file data15.cif (mmCIF, C-alpha atoms)
data_target
#
loop_
_atom_site.label_atom_id
_atom_site.label_comp_id
_atom_site.auth_asym_id
_atom_site.auth_seq_id
_atom_site.Cartn_x
_atom_site.Cartn_y
_atom_site.Cartn_z
CA MET Y 26 101.91 87.71 98.33
CA LYS Y 27 101.97 85.61 95.15
CA ASN Y 28 99.61 86.34 92.29
CA ARG Y 29 98.62 85.21 88.80
CA LEU Y 30 98.72 88.64 87.25
CA LYS Y 31 101.54 87.87 84.83
CA VAL Y 32 99.78 84.71 83.60
CA LEU Y 33 96.46 86.48 83.14
CA ARG Y 34 98.16 89.33 81.33
CA ALA Y 35 100.07 86.93 79.06
CA GLU Y 36 96.83 85.06 78.21
CA ARG Y 37 95.46 88.32 76.81
CA ASP Y 38 98.75 89.20 75.12
CA TRP Y 39 98.95 92.50 76.98
CA SER Y 40 102.19 94.24 77.82
CA GLN Y 41 102.74 95.65 81.31
CA ALA Y 42 102.10 99.10 79.84
CA ASP Y 43 98.77 97.91 78.36
CA LEU Y 44 97.67 96.57 81.74
CA ALA Y 45 98.90 99.71 83.50
CA ASP Y 46 96.79 101.85 81.14
CA ARG Y 47 93.71 99.73 81.78
CA LEU Y 48 94.19 99.97 85.55
CA ALA Y 49 95.19 103.67 85.49
CA VAL Y 50 98.46 103.02 87.31
CA SER Y 51 102.10 103.24 86.29
CA ARG Y 52 103.94 100.41 84.56
CA GLN Y 53 106.23 100.23 87.58
CA THR Y 54 103.22 99.45 89.77
CA VAL Y 55 102.19 96.55 87.52
CA ASN Y 56 105.76 95.26 87.49
CA SER Y 57 106.08 95.49 91.28
CA ILE Y 58 102.79 93.63 91.81
CA GLU Y 59 103.76 90.90 89.33
CA THR Y 60 107.12 90.36 90.99
CA GLY Y 61 105.53 90.28 94.45
CA LYS Y 62 107.42 93.34 95.67
CA TYR Y 63 104.24 95.29 96.23
CA ASP Y 64 100.77 94.19 97.36
CA PRO Y 65 98.04 96.35 95.83
CA SER Y 66 95.45 98.18 97.89
CA LEU Y 67 91.98 96.64 98.14
CA PRO Y 68 90.48 99.10 95.58
CA LEU Y 69 93.23 98.28 93.07
CA ALA Y 70 92.92 94.53 93.72
CA LEU Y 71 89.16 94.79 93.10
CA ARG Y 72 89.81 96.71 89.86
CA ILE Y 73 92.17 93.94 88.78
CA GLY Y 74 89.57 91.31 89.61
CA ARG Y 75 86.92 93.18 87.62
CA LEU Y 76 89.26 93.68 84.66
CA PHE Y 77 90.01 89.96 84.43
CA GLY Y 78 86.49 88.89 85.40
CA GLN Y 79 87.73 86.77 88.28
CA PRO Y 80 87.39 86.94 92.08
CA VAL Y 81 90.32 88.66 93.80
CA GLU Y 82 91.15 85.54 95.83
CA THR Y 83 91.77 83.53 92.65
CA ILE Y 84 94.25 86.13 91.40
CA PHE Y 85 96.05 86.90 94.67
CA LEU Y 86 97.15 83.90 96.69
CA ASP Y 87 98.13 84.10 100.34
CA GLY Y 88 100.73 81.84 101.96
CA ASP Y 89 98.33 78.93 102.46
CA ASP Y 90 97.14 78.95 98.84
CA ALA Y 91 100.50 79.53 97.17
CA MET A 9 86.17 104.03 93.52
CA SER A 10 86.82 105.39 90.07
CA ALA A 11 90.12 104.85 88.32
CA LYS A 12 91.82 108.10 87.47
CA SER A 13 93.75 108.32 84.24
CA ALA A 14 97.43 107.43 84.58
CA VAL A 15 98.22 110.04 81.94
CA SER A 16 98.63 113.44 83.56
CA THR A 17 96.54 116.24 82.12
CA THR A 18 98.02 118.80 84.50
CA PRO A 19 98.75 122.17 82.84
CA PRO A 20 102.49 123.02 82.81
CA LEU A 21 102.23 125.78 85.44
CA SER A 22 100.50 123.36 87.82
CA ARG A 23 103.47 120.99 87.66
CA PRO A 24 106.13 121.24 90.39
CA GLY A 25 109.17 121.30 88.07
CA PRO A 26 108.86 124.87 86.71
CA TRP A 27 108.05 126.25 90.16
CA VAL A 28 110.96 124.48 91.83
CA ALA A 29 113.21 125.83 89.06
CA ALA A 30 111.79 129.34 89.60
CA TRP A 31 112.35 128.94 93.35
CA LEU A 32 116.03 128.10 92.75
CA LEU A 33 116.38 131.02 90.33
CA THR A 34 114.96 133.49 92.86
CA TRP A 35 117.34 132.07 95.47
CA PHE A 36 120.34 132.67 93.18
CA ALA A 37 119.02 136.16 92.38
CA ALA A 38 118.59 136.89 96.11
CA ARG A 39 122.14 135.69 96.80
CA ALA A 40 123.44 137.98 94.04
CA VAL A 41 121.58 140.99 95.48
CA LEU A 42 122.69 140.20 99.04
CA GLU A 43 126.33 140.00 97.99
CA SER A 44 126.16 143.51 96.53
CA THR A 45 126.00 146.81 98.39
CA VAL A 46 122.35 147.85 98.56
CA PRO A 47 120.16 149.45 101.26
CA THR A 48 118.90 147.24 104.08
CA TRP A 49 115.26 147.34 102.96
CA ILE A 50 116.25 145.98 99.56
CA ARG A 51 118.31 143.28 101.28
CA VAL A 52 115.27 142.22 103.32
CA ILE A 53 113.04 142.15 100.22
CA ALA A 54 115.68 140.11 98.37
CA ALA A 55 115.97 137.65 101.27
CA LEU A 56 112.19 137.15 101.31
CA ALA A 57 111.73 137.08 97.52
CA PRO A 58 111.95 133.27 97.22
CA VAL A 59 109.12 132.76 99.77
CA PRO A 60 106.08 133.35 97.49
CA VAL A 61 107.69 131.31 94.71
CA ALA A 62 108.34 128.51 97.21
CA GLY A 63 104.66 128.75 98.24
CA ALA A 64 103.59 128.23 94.63
CA ALA A 65 106.05 125.31 94.36
CA LEU A 66 104.59 123.79 97.52
CA LEU A 67 101.04 123.98 96.13
CA ALA A 68 102.14 122.41 92.84
CA ILE A 69 104.02 119.65 94.71
CA VAL A 70 100.98 118.83 96.86
CA ARG A 71 98.73 118.86 93.79
CA GLY A 72 101.21 116.59 91.99
CA ALA A 73 101.35 114.22 94.98
CA ARG A 74 97.58 113.78 94.83
CA GLU A 75 97.84 112.59 91.23
CA LEU A 76 100.41 109.87 91.98
CA ASP A 77 99.35 106.26 91.87
CA GLU A 78 99.46 104.19 95.06
CA LEU A 79 102.93 102.69 94.60
CA GLU A 80 104.48 106.07 93.74
CA LYS A 81 102.85 107.52 96.88
CA ARG A 82 104.49 104.79 98.96
CA ILE A 83 107.86 105.44 97.28
CA GLN A 84 107.56 109.17 98.01
CA LEU A 85 106.59 108.44 101.62
CA GLU A 86 109.64 106.23 102.13
CA ALA A 87 111.90 108.84 100.49
CA LEU A 88 110.51 111.60 102.72
CA ALA A 89 110.81 109.44 105.86
CA PHE A 90 114.43 108.75 104.99
CA ALA A 91 115.11 112.44 104.28
CA PHE A 92 113.31 113.68 107.40
CA VAL A 93 115.21 111.43 109.80
CA LEU A 94 118.58 112.23 108.19
CA SER A 95 117.78 115.97 108.19
CA VAL A 96 116.93 115.92 111.91
CA LEU A 97 120.04 113.86 112.59
CA LEU A 98 122.26 116.28 110.65
CA LEU A 99 120.87 119.36 112.40
CA MET A 100 121.00 117.72 115.84
CA THR A 101 124.55 116.55 115.30
CA LEU A 102 125.67 119.96 114.04
CA GLY A 103 124.03 121.55 117.10
CA LEU A 104 125.91 119.23 119.43
CA LEU A 105 129.16 119.64 117.54
CA GLU A 106 128.72 123.40 117.77
CA LEU A 107 128.71 123.02 121.55
CA ALA A 108 131.71 120.70 121.49
CA ILE A 109 134.02 122.53 119.10
CA PRO A 110 133.98 125.90 117.33
CA LEU A 111 132.43 125.27 113.90
CA ASN A 112 133.41 127.64 111.13
CA ARG A 113 130.22 129.55 110.23
CA ASP A 114 131.56 130.12 106.72
CA ASP A 115 131.24 126.36 106.19
CA TRP A 116 128.36 125.29 108.46
CA SER A 117 125.85 128.13 108.63
CA TYR A 118 122.19 127.67 107.56
CA ARG A 119 122.94 129.12 104.14
CA HIS A 120 125.15 126.12 103.39
CA VAL A 121 123.44 123.31 105.32
CA TRP A 122 120.00 123.64 103.65
CA ALA A 123 121.48 122.50 100.34
CA ILE A 124 122.36 119.12 101.88
CA LEU A 125 118.74 118.34 102.80
CA PRO A 126 117.40 117.77 99.23
CA THR A 127 120.27 115.31 98.76
CA PHE A 128 118.76 113.16 101.51
CA TYR A 129 115.40 113.19 99.70
CA PHE A 130 116.92 112.16 96.39
CA GLY A 131 118.96 109.47 98.17
CA GLY A 132 115.78 108.16 99.78
CA LEU A 133 113.99 108.28 96.44
CA PHE A 134 116.78 106.27 94.81
CA ILE A 135 116.64 103.61 97.53
CA ALA A 136 112.83 103.37 97.51
CA ARG A 137 112.65 103.16 93.70
CA ARG A 138 115.24 100.38 93.67
CA ARG A 139 113.27 98.46 96.27
CA TYR A 140 110.16 98.34 94.10
CA SER A 141 111.75 97.94 90.67
#

call {"tool": "encode", "arguments": {"input": "data15.cif", "output": "structure tokens"}}
result
Amino acid sequence: MKNRLKVLRAERDWSQADLADRLAVSRQTVNSIETGKYDPSLPLALRIGRLFGQPVETIFLDGDDA
Amino acid sequence: MSAKSAVSTTPPLSRPGPWVAAWLLTWFAARAVLESTVPTWIRVIAALAPVPVAGAALLAIVRGARELDELEKRIQLEALAFAFVLSVLLLMTLGLLELAIPLNRDDWSYRHVWAILPTFYFGGLFIARRRYS
């Protein structure tokens, strides 16, 4: 699944480690989500949406949206 | 749905590392005792000495697993699945080979084969980590 996490993170000038700290996950998890190797659980996706103040479906794009 | 801190606040004795190290040390100590000439009851105690330490290691490992984030849990699951299947395969194959040909017990007894099993776990861990990095 594609996502806009890297763009949103860059807009705030956060490193992967900064974002990982804010989400209480490891930096590897942030990296794997950004590169599309790992799709986050629903609770984590909702945390990401809350952190960036955007609906989950505008951050994570399924095949039809991508 | 609260986010737990990614920074571990686990006290050192609740971490698996020291307990796994203690487990290995008691195993080496037991081997040393069992290779010497001592009464049978001491040999039995020495053989069982690693068990309580392994129990403490198990508790610390389970506690540690609960603190992992969701990706690390998936990585550990894949590593354990890999290790479990290979461990069963190794033991099954050795069992069949034992029926087919005489295996030298000095090379293939339980006291040697167990040491191969953690290698499967670390192999699985390496593969799973590479997949998600």

call {"tool": "residues_around", "arguments": {"input": "data15.cif", "residues": "Arg137 in chain A", "least_positions_apart": "2", "cutoff": "9 Å", "atoms": "all atoms listed in the file", "output": "PyMOL selection string"}}
result
chain A and resi 80+83-84+87+132-135+139-141

call {"tool": "write_last_selection", "arguments": {"input": "data15.cif", "atoms": "C-alpha atoms", "output": "JSON list (two decimals), in the coordinates of the input"}}
result
[["chain", "number", "residue", "atom", "x", "y", "z"],
["A", 80, "GLU", "CA", 104.48, 106.07, 93.74],
["A", 83, "ILE", "CA", 107.86, 105.44, 97.28],
["A", 84, "GLN", "CA", 107.56, 109.17, 98.01],
["A", 87, "ALA", "CA", 111.90, 108.84, 100.49],
["A", 132, "GLY", "CA", 115.78, 108.16, 99.78],
["A", 133, "LEU", "CA", 113.99, 108.28, 96.44],
["A", 134, "PHE", "CA", 116.78, 106.27, 94.81],
["A", 135, "ILE", "CA", 116.64, 103.61, 97.53],
["A", 139, "ARG", "CA", 113.27, 98.46, 96.27],
["A", 140, "TYR", "CA", 110.16, 98.34, 94.10],
["A", 141, "SER", "CA", 111.75, 97.94, 90.67]]

call {"tool": "interface_residues", "arguments": {"input": "data15.cif", "of": "chain Y", "to": "chain A", "cutoff": "9 Å", "atoms": "only C-alpha atoms", "output": "list in words"}}
result
Ala45, Asp46, Arg47, Leu48, Ala49, Val50, Ser51, Gln53, Thr54, Asn56, Ser57, Thr60, Lys62, Tyr63, Pro65, Ser66, Pro68, Leu69 and Arg72 of chain Y

call {"tool": "write_last_selection", "arguments": {"input": "data15.cif", "atoms": "C-alpha atoms", "output": "mmCIF file, in the frame of the given file"}}
result
data_model
loop_
_atom_site.group_PDB
_atom_site.id
_atom_site.type_symbol
_atom_site.label_atom_id
_atom_site.label_comp_id
_atom_site.auth_asym_id
_atom_site.auth_seq_id
_atom_site.Cartn_x
_atom_site.Cartn_y
_atom_site.Cartn_z
ATOM 1 C CA ALA Y 45 98.900 99.710 83.500
ATOM 2 C CA ASP Y 46 96.790 101.850 81.140
ATOM 3 C CA ARG Y 47 93.710 99.730 81.780
ATOM 4 C CA LEU Y 48 94.190 99.970 85.550
ATOM 5 C CA ALA Y 49 95.190 103.670 85.490
ATOM 6 C CA VAL Y 50 98.460 103.020 87.310
ATOM 7 C CA SER Y 51 102.100 103.240 86.290
ATOM 8 C CA GLN Y 53 106.230 100.230 87.580
ATOM 9 C CA THR Y 54 103.220 99.450 89.770
ATOM 10 C CA ASN Y 56 105.760 95.260 87.490
ATOM 11 C CA SER Y 57 106.080 95.490 91.280
ATOM 12 C CA THR Y 60 107.120 90.360 90.990
ATOM 13 C CA LYS Y 62 107.420 93.340 95.670
ATOM 14 C CA TYR Y 63 104.240 95.290 96.230
ATOM 15 C CA PRO Y 65 98.040 96.350 95.830
ATOM 16 C CA SER Y 66 95.450 98.180 97.890
ATOM 17 C CA PRO Y 68 90.480 99.100 95.580
ATOM 18 C CA LEU Y 69 93.230 98.280 93.070
ATOM 19 C CA ARG Y 72 89.810 96.710 89.860
#

call {"tool": "resolve_selection", "arguments": {"input": "data15.cif", "expression": "the PyMOL selection byres ((chain Y and resi 79-85) around 7)", "output": "NGL selection string"}}
result
:Y and (26-30 or 70-71 or 74-75 or 77-78 or 86-87)

call {"tool": "atom_distance", "arguments": {"input": "data15.cif", "atom1": "CA of Ile69 in chain A", "atom2": "CA of Arg23 in chain A"}}
result
7.2 Å

call {"tool": "resolve_selection", "arguments": {"input": "data15.cif", "expression": "the PyMOL selection byres ((chain A and resi 58) around 7)", "output": "short mmCIF file (atom, residue, chain, number, x, y, z; two decimals) with C-alpha atoms, keeping the file's coordinate frame"}}
result
data_model
loop_
_atom_site.label_atom_id
_atom_site.label_comp_id
_atom_site.auth_asym_id
_atom_site.auth_seq_id
_atom_site.Cartn_x
_atom_site.Cartn_y
_atom_site.Cartn_z
CA TRP A 31 112.35 128.94 93.35
CA THR A 34 114.96 133.49 92.86
CA TRP A 35 117.34 132.07 95.47
CA LEU A 56 112.19 137.15 101.31
CA ALA A 57 111.73 137.08 97.52
CA VAL A 59 109.12 132.76 99.77
CA PRO A 60 106.08 133.35 97.49
CA VAL A 61 107.69 131.31 94.71
CA ALA A 62 108.34 128.51 97.21
#

call {"tool": "residues_around", "arguments": {"input": "data15.cif", "residues": "Leu44 in chain Y", "least_positions_apart": "4", "cutoff": "8 Å", "atoms": "all atoms listed in the file", "output": "list in words"}}
result
Arg34, Trp39, Ser40, Leu48, Arg52 and Val55 of chain Y

call {"tool": "residues_around", "arguments": {"input": "data15.cif", "residues": "range 115-131 of chain A", "least_positions_apart": "3", "cutoff": "7 Å", "atoms": "only C-alpha atoms", "output": "ChimeraX atom specification"}}
result
/A:87-88,90-91,94-95,111-112,134-135

call {"tool": "write_last_selection", "arguments": {"input": "data15.cif", "atoms": "C-alpha atoms", "output": "short mmCIF file (atom, residue, chain, number, x, y, z; two decimals), in the frame of the given file"}}
result
data_model
loop_
_atom_site.label_atom_id
_atom_site.label_comp_id
_atom_site.auth_asym_id
_atom_site.auth_seq_id
_atom_site.Cartn_x
_atom_site.Cartn_y
_atom_site.Cartn_z
CA ALA A 87 111.90 108.84 100.49
CA LEU A 88 110.51 111.60 102.72
CA PHE A 90 114.43 108.75 104.99
CA ALA A 91 115.11 112.44 104.28
CA LEU A 94 118.58 112.23 108.19
CA SER A 95 117.78 115.97 108.19
CA LEU A 111 132.43 125.27 113.90
CA ASN A 112 133.41 127.64 111.13
CA PHE A 134 116.78 106.27 94.81
CA ILE A 135 116.64 103.61 97.53
#

call {"tool": "axis_aligned_box", "arguments": {"input": "data15.cif", "around": "range 62-71 of chain Y", "padding_each_side": "5 Å", "output": "AutoDock Vina command-line options"}}
result
--center_x 98.3 --center_y 96.2 --center_z 95.6 --size_x 28.3 --size_y 15.8 --size_z 15.1

call {"tool": "atom_distance", "arguments": {"input": "data15.cif", "atom1": "CA of Val41 in chain A", "atom2": "CA of Ala54 in chain A"}}
result
6.6 Å
